[in-house]
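Shown below: data_0.txt, with compact mmCIF, C-alpha atoms.
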# COMPACT_ATOMS: atom_id res chain seq x y z
CA MET A 21 -87.86 84.94 12.21
CA VAL A 22 -90.26 84.03 15.00
CA ARG A 23 -92.86 86.48 13.73
CA GLN A 24 -92.61 85.02 10.24
CA GLY A 25 -92.91 81.39 11.31
CA LEU A 26 -89.28 80.68 10.44
CA ALA A 27 -88.01 79.87 13.93
CA GLY A 28 -89.92 76.70 14.70
CA SER A 29 -92.46 78.50 16.86
CA PHE A 30 -95.66 80.45 16.26
CA PRO A 31 -96.26 78.84 12.84
CA MET A 32 -98.82 80.51 10.63
CA ALA A 33 -102.28 78.98 10.22
CA THR A 34 -103.05 79.92 6.59
CA PRO A 35 -101.25 81.26 3.50
CA ALA A 36 -102.93 84.64 4.06
CA GLU A 37 -101.64 84.77 7.64
CA ALA A 38 -98.14 83.98 6.38
CA ALA A 39 -98.37 86.74 3.76
CA LEU A 40 -99.54 89.14 6.47
CA ALA A 41 -96.53 88.30 8.65
CA MET A 42 -94.11 88.76 5.73
CA CYS A 43 -95.59 92.05 4.50
CA GLY A 44 -96.46 90.25 1.29
CA ALA A 45 -94.86 87.36 -0.58
CA HIS A 46 -92.76 88.31 -3.61
CA ALA A 47 -94.33 86.43 -6.54
CA GLN A 48 -92.33 87.46 -9.57
CA VAL A 49 -91.42 83.76 -9.63
CA MET A 50 -94.72 82.19 -8.60
CA SER A 51 -93.24 78.79 -7.71
CA ALA A 52 -90.84 80.52 -5.29
CA ALA A 53 -93.72 82.42 -3.65
CA GLU A 54 -95.52 79.12 -3.14
CA VAL A 55 -92.48 77.71 -1.32
CA SER A 56 -92.02 80.93 0.71
CA LEU A 57 -95.56 80.82 2.05
CA ALA A 58 -95.80 77.07 2.55
CA LEU A 59 -92.54 77.02 4.56
CA ARG A 60 -94.22 79.21 7.15
CA TYR A 61 -97.02 76.89 8.24
CA PRO A 62 -97.11 73.16 9.03
CA SER A 63 -97.70 70.48 6.38
CA ALA A 64 -98.60 73.00 3.67
CA THR A 65 -97.89 72.42 -0.01
CA ARG A 66 -97.85 74.60 -3.09
CA THR A 67 -101.41 73.42 -3.79
CA ASP A 68 -102.60 75.07 -0.57
CA VAL A 69 -101.10 78.37 -1.71
CA GLN A 70 -102.58 78.04 -5.19
CA ASP A 71 -106.01 77.33 -3.68
CA ALA A 72 -105.70 80.42 -1.46
CA VAL A 73 -105.21 82.55 -4.58
CA TRP A 74 -107.54 81.01 -7.15
CA SER A 75 -110.18 79.10 -5.16
CA HIS A 76 -110.56 80.54 -1.66
CA ARG A 77 -109.60 84.06 -2.79
CA SER A 78 -107.85 84.83 0.51
CA LEU A 79 -104.76 86.01 -1.39
CA VAL A 80 -104.58 88.29 -4.42
CA LYS A 81 -101.77 88.39 -6.95
CA THR A 82 -100.99 92.03 -7.68
CA PHE A 83 -98.25 94.66 -7.68
CA GLY A 84 -96.84 95.32 -4.21
CA PRO A 85 -93.75 97.07 -2.83
CA ARG A 86 -91.24 98.30 -5.43
CA GLY A 87 -93.83 97.72 -8.16
CA THR A 88 -93.00 94.00 -8.12
CA VAL A 89 -95.50 91.14 -8.24
CA HIS A 90 -96.67 90.02 -4.79
CA LEU A 91 -99.26 87.84 -3.12
CA LEU A 92 -101.14 90.00 -0.61
CA PRO A 93 -104.00 89.15 1.79
CA VAL A 94 -107.35 90.08 0.25
CA ASP A 95 -108.52 91.42 3.62
CA GLU A 96 -105.65 93.96 3.57
CA LEU A 97 -105.74 94.88 -0.11
CA ALA A 98 -107.52 98.21 0.42
CA LEU A 99 -104.84 99.28 2.92
CA TRP A 100 -102.02 98.13 0.67
CA CYS A 101 -103.44 100.03 -2.29
CA GLY A 102 -104.10 103.14 -0.23
CA ALA A 103 -100.52 103.13 1.03
CA LEU A 104 -98.73 102.23 -2.19
CA MET A 105 -100.60 104.77 -4.32
CA SER A 106 -99.18 107.42 -1.96
CA VAL A 107 -95.53 106.34 -2.39
CA PRO A 108 -93.61 108.53 -4.85
CA PRO A 109 -91.50 106.54 -7.34
CA ALA A 110 -87.73 106.94 -7.06
CA GLY A 111 -87.23 107.15 -10.85
CA ARG A 112 -89.14 108.35 -13.90
CA HIS A 113 -89.24 107.58 -17.61
CA ALA A 114 -87.78 109.90 -20.24
CA PRO A 115 -90.01 112.86 -21.21
CA ASN A 116 -90.91 111.39 -24.61
CA VAL A 117 -92.11 108.19 -22.91
CA ARG A 118 -93.65 109.55 -19.71
CA LEU A 119 -97.41 109.78 -19.23
CA SER A 120 -99.00 112.99 -18.03
CA ALA A 121 -101.22 112.96 -14.95
CA GLU A 122 -104.27 113.33 -17.20
CA GLN A 123 -103.21 110.43 -19.42
CA THR A 124 -102.58 108.25 -16.37
CA ASP A 125 -106.03 109.02 -14.99
CA GLU A 126 -107.61 108.23 -18.34
CA LEU A 127 -105.82 104.90 -18.62
CA VAL A 128 -106.65 103.86 -15.05
CA ALA A 129 -110.33 104.64 -15.61
CA ALA A 130 -110.32 102.73 -18.90
CA MET A 131 -108.62 99.69 -17.36
CA GLY A 132 -111.10 99.62 -14.50
CA LYS A 133 -114.00 99.64 -16.95
CA ILE A 134 -112.51 97.09 -19.37
CA LEU A 135 -111.44 94.61 -16.66
CA ALA A 136 -114.55 94.84 -14.48
CA ASP A 137 -115.98 91.67 -16.04
CA ALA A 138 -113.02 90.19 -17.90
CA GLU A 139 -109.64 88.47 -17.61
CA LEU A 140 -107.47 89.71 -20.49
CA THR A 141 -103.96 88.92 -21.63
CA VAL A 142 -101.53 91.76 -22.29
CA ASP A 143 -102.28 91.58 -26.02
CA GLU A 144 -106.04 91.55 -25.44
CA LEU A 145 -105.83 94.51 -23.07
CA ASP A 146 -103.60 96.30 -25.58
CA GLU A 147 -106.33 95.97 -28.24
CA ALA A 148 -109.07 97.05 -25.85
CA LEU A 149 -107.15 100.16 -24.77
CA ALA A 150 -106.40 101.10 -28.38
CA ASP A 151 -110.13 100.96 -29.13
CA GLN A 152 -111.25 102.83 -26.01
CA VAL A 153 -108.43 105.32 -25.37
CA GLY A 154 -106.62 105.74 -28.67
CA ALA A 155 -103.42 104.90 -30.52
CA TRP A 156 -101.21 107.01 -28.22
CA ALA A 157 -101.85 104.57 -25.36
CA VAL A 158 -100.40 101.59 -27.23
CA GLU A 159 -97.47 103.29 -28.96
CA ARG A 160 -94.39 101.14 -28.37
CA VAL A 161 -92.03 103.49 -26.56
CA VAL A 162 -91.26 101.91 -23.16
CA PRO A 163 -87.78 100.28 -23.00
CA ALA A 164 -88.13 96.65 -21.87
CA PHE A 165 -85.37 94.07 -22.15
CA GLN A 166 -84.68 93.64 -25.90
CA GLU A 167 -87.92 95.23 -27.10
CA LYS A 168 -90.25 98.15 -26.46
CA TRP A 169 -93.58 97.87 -24.67
CA PRO A 170 -96.71 99.92 -25.36
CA ARG A 171 -96.94 103.21 -23.50
CA TRP A 172 -99.66 102.00 -21.10
CA ARG A 173 -97.41 99.28 -19.66
CA GLN A 174 -95.46 101.87 -17.62
CA MET A 175 -98.48 102.47 -15.38
CA VAL A 176 -99.75 98.94 -14.73
CA GLU A 177 -98.46 99.19 -11.15
CA THR A 178 -100.21 102.54 -10.75
CA ALA A 179 -103.48 101.02 -11.96
CA ALA A 180 -103.07 98.19 -9.47
CA HIS A 181 -102.35 100.54 -6.57
CA ARG A 182 -105.42 102.61 -7.46
CA GLY A 183 -107.56 99.47 -7.32
CA ALA A 184 -108.28 99.11 -11.03
CA LEU A 185 -106.21 96.02 -11.78
CA CYS A 186 -104.79 92.77 -10.40
CA PHE A 187 -103.77 89.45 -11.91
CA GLY A 188 -106.25 86.91 -13.16
CA ALA A 189 -105.71 83.22 -13.84
CA ASN A 190 -103.22 82.40 -16.59
CA LYS A 191 -104.48 81.53 -20.06
CA GLY A 192 -102.08 78.73 -20.85
CA ARG A 193 -98.69 80.36 -20.28
CA LYS A 194 -100.01 83.87 -20.75
CA THR A 195 -100.57 86.23 -17.82
CA THR A 196 -103.97 87.89 -17.53
CA TYR A 197 -105.20 91.02 -15.78
CA THR A 198 -108.58 91.53 -14.18
CA SER A 199 -110.23 93.79 -11.59
CA PRO A 200 -110.26 93.13 -7.81
CA THR A 201 -113.92 94.19 -7.83
CA ARG A 202 -114.72 90.80 -9.40
CA TRP A 203 -114.36 89.18 -5.96
CA ILE A 204 -114.33 92.23 -3.66
CA PRO A 205 -117.58 94.06 -4.48
CA GLY A 206 -117.26 97.83 -4.22
CA PHE A 207 -113.50 97.65 -3.72
CA SER A 208 -111.57 100.89 -3.41
CA PRO A 209 -108.24 101.86 -1.79
CA ALA A 210 -108.25 103.02 1.83
CA PRO A 211 -107.51 106.71 2.57
CA SER A 212 -103.78 107.39 2.51
CA ASP A 213 -103.77 109.02 5.96
CA GLU A 214 -104.97 105.69 7.35
CA ALA A 215 -103.08 103.34 5.04
CA VAL A 216 -99.54 104.79 5.13
CA PRO A 217 -99.21 104.70 8.96
CA TRP A 218 -100.62 101.18 8.85
CA LEU A 219 -97.99 100.07 6.35
CA LEU A 220 -95.15 101.61 8.36
CA ASP A 221 -96.42 99.83 11.48
CA ARG A 222 -96.66 96.47 9.64
CA TYR A 223 -93.17 96.92 8.21
CA LEU A 224 -91.61 97.76 11.57
CA HIS A 225 -93.42 94.86 13.23
CA ALA A 226 -91.97 92.45 10.68
CA TYR A 227 -88.53 93.98 10.02
CA GLY A 228 -87.80 96.60 12.68
CA PRO A 229 -85.83 98.13 14.21
CA ALA A 230 -85.21 100.02 10.99
CA THR A 231 -84.32 103.43 9.61
CA PRO A 232 -86.06 105.65 7.05
CA GLN A 233 -83.37 104.59 4.58
CA HIS A 234 -84.34 100.93 5.09
CA PHE A 235 -88.03 101.72 4.62
CA ALA A 236 -87.28 103.74 1.46
CA ARG A 237 -85.17 100.91 0.04
CA TRP A 238 -87.93 98.37 0.70
CA LEU A 239 -90.45 100.54 -1.14
CA ALA A 240 -88.02 101.79 -3.84
CA THR A 241 -88.88 105.38 -3.02
CA THR A 242 -87.12 108.53 -1.87
CA THR A 243 -85.45 108.77 1.53
CA GLY A 244 -87.04 112.19 2.06
CA TRP A 245 -90.55 110.75 1.80
CA ALA A 246 -89.67 107.92 4.19
CA LYS A 247 -88.11 110.33 6.71
CA ALA A 248 -91.31 112.38 6.76
CA ARG A 249 -93.34 109.25 7.54
CA PHE A 250 -91.03 108.34 10.44
CA GLU A 251 -91.15 111.89 11.81
CA THR A 252 -94.94 111.93 12.02
CA ALA A 253 -95.28 108.44 13.53
CA GLU A 254 -95.14 107.53 17.21
CA LEU A 255 -92.07 105.31 17.33
CA THR A 256 -89.51 104.15 19.86
CA GLU A 257 -85.92 105.13 19.12
CA VAL A 258 -83.40 102.38 19.86
CA THR A 259 -79.73 101.62 19.39
CA VAL A 260 -78.80 98.37 17.63
CA GLU A 261 -75.13 97.51 18.04
CA GLY A 262 -74.27 101.19 18.19
CA GLU A 263 -76.51 102.31 15.32
CA ARG A 264 -79.63 104.47 15.71
CA ALA A 265 -82.89 102.95 14.48
CA PHE A 266 -86.61 102.93 15.22
CA ALA A 267 -89.14 100.33 16.35
CA ALA A 268 -92.90 100.36 16.55
CA LEU A 269 -93.98 102.07 19.76
CA GLY A 270 -92.85 99.96 22.73
CA ASP A 271 -91.73 97.04 20.57
CA VAL A 272 -88.25 96.69 22.08
CA ASP A 273 -87.99 93.05 23.19
CA PRO A 274 -85.37 91.46 20.90
CA GLY A 275 -86.70 87.95 21.51
CA PRO A 276 -84.60 84.79 21.36
CA ALA A 277 -81.51 84.60 19.19
CA PRO A 278 -82.32 82.66 15.98
CA GLN A 279 -80.97 79.15 15.76
CA GLY A 280 -80.97 76.35 13.23
CA VAL A 281 -80.81 75.78 9.49
CA ARG A 282 -83.28 77.14 6.95
CA LEU A 283 -83.55 77.08 3.16
CA LEU A 284 -85.29 80.11 1.65
CA PRO A 285 -86.22 80.30 -2.06
CA TYR A 286 -85.69 83.02 -4.62
CA PHE A 287 -86.94 86.47 -3.56
CA ASP A 288 -88.08 85.41 -0.11
CA ALA A 289 -89.40 88.48 1.74
CA PHE A 290 -87.17 87.84 4.77
CA THR A 291 -84.06 87.98 2.58
CA ILE A 292 -85.13 91.10 0.68
CA ALA A 293 -86.55 93.21 3.51
CA SER A 294 -84.22 92.43 6.42
CA GLN A 295 -81.74 95.22 7.18
CA PRO A 296 -78.95 96.14 7.69
CA ARG A 297 -78.04 93.98 4.73
CA GLU A 298 -74.36 93.71 5.68
CA ARG A 299 -75.36 91.87 8.87
CA LEU A 300 -77.66 89.42 7.07
CA PHE A 301 -75.02 88.87 4.35
CA PRO A 302 -71.72 89.14 6.25
CA GLY A 303 -68.32 88.71 4.59
CA ARG A 304 -68.30 86.14 1.81
CA ALA A 305 -72.10 85.89 1.87
CA ALA A 306 -72.37 89.36 0.32
CA GLN A 307 -70.12 88.28 -2.55
CA ARG A 308 -71.80 84.92 -3.09
CA ALA A 309 -75.49 85.52 -2.36
CA LEU A 310 -76.07 89.09 -3.58
CA ALA A 311 -76.25 90.26 -7.19
CA ASN A 312 -74.71 93.72 -7.46
CA GLY A 313 -75.88 94.35 -3.91
CA GLN A 314 -79.42 93.14 -4.60
CA ALA A 315 -80.94 90.43 -2.42
CA GLY A 316 -83.29 87.67 -3.53
CA ASN A 317 -81.57 86.65 -6.76
CA PHE A 318 -80.22 83.47 -5.14
CA PRO A 319 -82.02 80.97 -2.90
CA VAL A 320 -80.12 81.10 0.38
CA LEU A 321 -79.04 78.87 3.23
CA LEU A 322 -79.60 80.47 6.63
CA ILE A 323 -77.69 79.33 9.69
CA ASP A 324 -78.78 80.92 12.96
CA GLY A 325 -80.53 83.69 11.03
CA ILE A 326 -77.53 84.64 8.89
CA VAL A 327 -76.97 83.88 5.19
CA ALA A 328 -74.33 81.16 5.08
CA GLY A 329 -74.66 79.73 1.59
CA VAL A 330 -76.73 79.36 -1.56
CA TRP A 331 -78.68 76.51 -3.09
CA HIS A 332 -80.35 75.43 -6.31
CA GLN A 333 -82.91 72.84 -7.33
CA LYS A 334 -83.60 70.87 -10.50
CA LYS A 335 -87.11 69.48 -10.64
CA THR A 336 -88.79 66.79 -12.67
CA SER A 337 -92.40 65.69 -12.28
CA THR A 338 -91.63 63.53 -9.26
CA ARG A 339 -88.11 64.34 -8.07
CA ILE A 340 -86.07 67.33 -6.94
CA THR A 341 -82.28 67.41 -6.90
CA VAL A 342 -81.14 70.04 -4.40
CA THR A 343 -77.54 71.30 -4.43
CA VAL A 344 -76.43 73.31 -1.40
CA GLU A 345 -73.20 75.33 -1.35
CA PRO A 346 -72.39 76.23 2.27
CA LEU A 347 -69.87 78.96 3.00
CA THR A 348 -68.73 77.18 6.12
CA THR A 349 -68.27 73.58 7.20
CA LEU A 350 -71.57 72.21 8.51
CA THR A 351 -71.68 70.31 11.79
CA ALA A 352 -73.42 66.97 12.09
CA PRO A 353 -76.54 68.54 13.71
CA GLN A 354 -76.62 71.19 10.97
CA LEU A 355 -76.40 68.51 8.28
CA ALA A 356 -79.31 66.70 9.89
CA GLN A 357 -81.35 69.90 9.93
CA LEU A 358 -80.42 70.55 6.31
CA ASP A 359 -81.75 67.10 5.39
CA GLU A 360 -85.04 68.02 7.08
CA GLN A 361 -85.21 71.30 5.19
CA VAL A 362 -84.62 69.60 1.85
CA GLU A 363 -87.36 67.08 2.66
CA ARG A 364 -89.70 69.95 3.53
CA VAL A 365 -88.97 71.93 0.35
CA ALA A 366 -89.55 68.78 -1.72
CA ALA A 367 -92.78 67.90 0.08
CA ILE A 368 -94.13 71.41 -0.59
CA GLN A 369 -93.61 70.71 -4.31
CA HIS A 370 -95.01 67.14 -4.21
CA ALA A 371 -91.66 65.57 -5.03
CA ARG A 372 -88.97 63.31 -3.59
CA PRO A 373 -85.58 64.90 -2.92
CA THR A 374 -81.92 64.17 -3.45
CA LEU A 375 -79.37 66.36 -1.63
CA THR A 376 -75.88 67.20 -2.90
CA ILE A 377 -73.38 69.34 -0.99
CA GLY A 378 -71.21 71.19 -3.47
CA PRO A 379 -70.79 74.25 -5.74
CA VAL A 380 -73.85 75.89 -7.24
CA SER A 381 -73.05 76.92 -10.81
CA THR A 382 -76.39 78.60 -11.60
CA ARG A 383 -76.24 82.35 -12.15
CA ALA A 384 -78.32 84.88 -10.24
CA HIS A 385 -81.97 85.10 -11.23
CA ALA A 386 -82.84 88.37 -12.97
Any chance you could give the structure as structure tokens?
Amino acid sequence: MVRQGLAGSFPMATPAEAALAMCGAHAQVMSAAEVSLALRYPSATRTDVQDAVWSHRSLVKTFGPRGTVHLLPVDELALWCGALMSVPPAGRHAPNVRLSAEQTDELVAAMGKILADAELTVDELDEALADQVGAWAVERVVPAFQEKWPRWRQMVETAAHRGALCFGANKGRKTTYTSPTRWIPGFSPAPSDEAVPWLLDRYLHAYGPATPQHFARWLATTTGWAKARFETAELTEVTVEGERAFAALGDVDPGPAPQGVRLLPYFDAFTIASQPRERLFPGRAAQRALANGQAGNFPVLLIDGIVAGVWHQKKTSTRITVTVEPLTTLTAPQLAQLDEQVERVAAIQHARPTLTIGPVSTRAHA
């Protein structure tokens, strides 16, 4: 929590520095990513985060760990891409849907060419790929919610990790894709033998001590691949409450015990990446704040570094109503700290808050 600016000390100086400390900010819900980053440095608002992405270009919106949308520091993008393109996926599509290696290469090359000087919506990119690659690329065969997506959609994350694609500015409510070369001239992923050890070191610095199983879960990859990365790295073996784990070389000072109250939004990186999960979500917290064992689907209340409740907000143009459901009775000092957290979350979103203590009826976010 200290290293992520969540403990009241060592606050981050910029959104990019916060994203660096977190190993990327999960941005599947962009408004939640804005709160995640702004919570980690003083007096920041969602506007500061938006400016970092679209004006200052210090953050890039792209596909990060687990193939999910993240905000990553532009200065680290080559290392991220070099590492993530080396991570084997844990699952694969059915044979009649799956792309061959040759088809994947062809699509990545086509996307890089098409997006080099454009920001295209999914439909626009679909048309461009049909013209340049052929009808097979846009055949609707990929299962997705209640519909089927075109074949090329299964490898958007691959194209991003190979440096051919990232997100552009929205066109109205429609997402666009573009190329990172538009603001990083000559961009290409770093060599994997440099990037993968770098990523393991960054992960352990932020979330260690950890095990290969934890690393594999964070990346949604195979445990065997993760074990091989641990075996070739210079790490320090430690015991955490009787369990064997690993830290970055020499990084064995546990630091101060976390204290205080924190509100974290949907999909906050601290909630998703911290392991062992049963210690972050003890007892009733696992039942209330996880969705089928998955973290991030509820905004959470942290007390002394442990999940101790959930919360929800309803926002209008000027006001936010925050409902917090604690799993334990809050003390007077904790209630005072909760008031401060609600004020901070509201200020980030340019709104005035109202706090209610009571049940949260909202279901888990998908």
Using all atoms listed in the file, which protein or nucleic acid residues come within 10 Å of Arg222 of chain A? Drop anything in the same chain fewer than 2 positions from it, and give the result as a PyMOL selection string.
chain A and resi 40-43+216-220+224-228+268
Pick out the residues sitting within 7 Å of Ala230 of chain A, and hand them over as number ranges by chain; count all atoms listed in the file, and ignore anything fewer than 4 positions along from it in its own chain.
A: 224, 234, 265-267
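Atom CA of Pro346 of chain A sits 23.3 Å away from atom CA of Ser51 of chain A.
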With all atoms listed in the file as the counted atoms, please give the residues lying no more than 12 Å from Leu140 of chain A, apart from itself and same-chain residues fewer than 5 positions off, as a PyMOL selection string.
chain A and resi 131+134-135+145-149+185-191+194-199
Between atom CA of Thr241 of chain A and atom CA of Ala52 of chain A, what is the distance, to one decimal in Å?
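One can read the atom CA of Thr241 of chain A to atom CA of Ala52 of chain A distance as 25.0 Å.
Applying the 10 Å criterion to (-98.3, 101.9, -17.1) in file coordinates and using all atoms listed in the file, one obtains the residues A:Arg118, A:Leu119, A:Thr124, A:Leu127, A:Val128, A:Ala157, A:Val162, A:Trp169, A:Pro170, A:Arg171, A:Trp172, A:Arg173, A:Gln174, A:Met175, A:Val176, A:Glu177, A:Thr178, A:Ala179, A:Ala180.
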Can you measure atom CA of Pro285 of chain A to atom CA of Val320 of chain A for me? One decimal in Å is fine.
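Separation between atom CA of Pro285 of chain A and atom CA of Val320 of chain A: 6.6 Å.
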Which residue gives the smallest distance to Leu322 of chain A among A:Glu159, A:Asp288, A:Glu37, A:Asp95, with all atoms listed in the file counted?
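Distance minimum relative to Leu322 of chain A lands on A:Asp288.
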Closest of A:Glu360, A:Glu126, A:Asp137, A:Glu167 to Gly154 of chain A - atom-to-atom distances counting all atoms listed in the file:
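Of A:Glu360, A:Glu126, A:Asp137, A:Glu167, the one nearest Gly154 of chain A is A:Glu126, counting all atoms listed in the file.
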Which is closest to Pro93 of chain A among A:Gln307, A:Gln123, A:Ala36, A:Gly132, if we use all atoms listed in the file?
A:Ala36
Taking into account all atoms listed in the file, which residue in the set A:Ala328, A:Trp74, A:Gln279, A:Arg66 is nearest to Ala371 of chain A?
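Ranked by minimum distance to Ala371 of chain A, first place goes to A:Arg66.
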How about completing segment 249-258 of chain A with all heavy atoms and giving it to me as a CSV table (one decimal), in the coordinates of the input?
chain,number,residue,atom,x,y,z
A,249,ARG,N,-92.4,110.2,6.9
A,249,ARG,CA,-93.3,109.2,7.5
A,249,ARG,C,-92.9,108.9,8.9
A,249,ARG,O,-93.7,108.7,9.9
A,249,ARG,CB,-93.4,108.0,6.7
A,249,ARG,CG,-93.8,108.2,5.2
A,249,ARG,CD,-95.2,108.7,5.0
A,249,ARG,NE,-95.4,110.1,5.2
A,249,ARG,CZ,-95.1,111.1,4.4
A,249,ARG,NH1,-94.3,110.9,3.3
A,249,ARG,NH2,-95.4,112.4,4.7
A,250,PHE,N,-91.6,108.7,9.1
A,250,PHE,CA,-91.0,108.3,10.4
A,250,PHE,C,-91.2,109.5,11.4
A,250,PHE,O,-91.5,109.3,12.6
A,250,PHE,CB,-89.5,108.0,10.3
A,250,PHE,CG,-89.2,106.6,10.0
A,250,PHE,CD1,-89.6,106.0,8.8
A,250,PHE,CD2,-88.6,105.8,10.9
A,250,PHE,CE1,-89.4,104.7,8.5
A,250,PHE,CE2,-88.3,104.5,10.7
A,250,PHE,CZ,-88.7,103.9,9.5
A,251,GLU,N,-91.1,110.7,10.9
A,251,GLU,CA,-91.2,111.9,11.8
A,251,GLU,C,-92.6,112.1,12.3
A,251,GLU,O,-92.7,112.6,13.4
A,251,GLU,CB,-90.7,113.1,11.1
A,251,GLU,CG,-89.2,113.2,10.8
A,251,GLU,CD,-88.7,114.3,9.9
A,251,GLU,OE1,-89.6,115.0,9.4
A,251,GLU,OE2,-87.5,114.4,9.6
A,252,THR,N,-93.6,111.7,11.6
A,252,THR,CA,-94.9,111.9,12.0
A,252,THR,C,-95.5,110.7,12.8
A,252,THR,O,-96.6,110.8,13.3
A,252,THR,CB,-95.8,112.3,10.8
A,252,THR,OG1,-95.7,111.2,9.9
A,252,THR,CG2,-95.4,113.6,10.2
A,253,ALA,N,-94.8,109.6,12.8
A,253,ALA,CA,-95.3,108.4,13.5
A,253,ALA,C,-94.8,108.4,15.0
A,253,ALA,O,-93.8,109.0,15.3
A,253,ALA,CB,-94.8,107.2,12.8
A,254,GLU,N,-95.6,107.7,15.8
A,254,GLU,CA,-95.1,107.5,17.2
A,254,GLU,C,-94.3,106.3,17.3
A,254,GLU,O,-94.8,105.1,17.2
A,254,GLU,CB,-96.4,107.4,18.1
A,254,GLU,CG,-97.2,108.7,18.3
A,254,GLU,CD,-98.2,108.6,19.3
A,254,GLU,OE1,-98.0,108.0,20.4
A,254,GLU,OE2,-99.3,109.1,19.1
A,255,LEU,N,-93.0,106.4,17.4
A,255,LEU,CA,-92.1,105.3,17.3
A,255,LEU,C,-91.2,105.3,18.5
A,255,LEU,O,-91.1,106.3,19.3
A,255,LEU,CB,-91.2,105.4,16.1
A,255,LEU,CG,-92.0,105.5,14.7
A,255,LEU,CD1,-91.0,105.6,13.6
A,255,LEU,CD2,-92.8,104.2,14.5
A,256,THR,N,-90.5,104.2,18.8
A,256,THR,CA,-89.5,104.2,19.9
A,256,THR,C,-88.1,104.1,19.2
A,256,THR,O,-87.8,103.3,18.4
A,256,THR,CB,-89.7,102.9,20.7
A,256,THR,OG1,-91.0,102.9,21.3
A,256,THR,CG2,-88.6,102.8,21.8
A,257,GLU,N,-87.3,105.1,19.6
A,257,GLU,CA,-85.9,105.1,19.1
A,257,GLU,C,-85.1,104.2,19.9
A,257,GLU,O,-85.2,104.1,21.2
A,257,GLU,CB,-85.3,106.5,19.2
A,257,GLU,CG,-84.0,106.7,18.6
A,257,GLU,CD,-83.4,108.1,18.6
A,257,GLU,OE1,-84.3,109.0,18.7
A,257,GLU,OE2,-82.2,108.3,18.6
A,258,VAL,N,-84.2,103.4,19.2
A,258,VAL,CA,-83.4,102.4,19.9
A,258,VAL,C,-82.0,102.5,19.3
A,258,VAL,O,-81.8,103.1,18.3
A,258,VAL,CB,-84.0,101.0,19.7
A,258,VAL,CG1,-85.3,100.8,20.3
A,258,VAL,CG2,-84.0,100.6,18.2
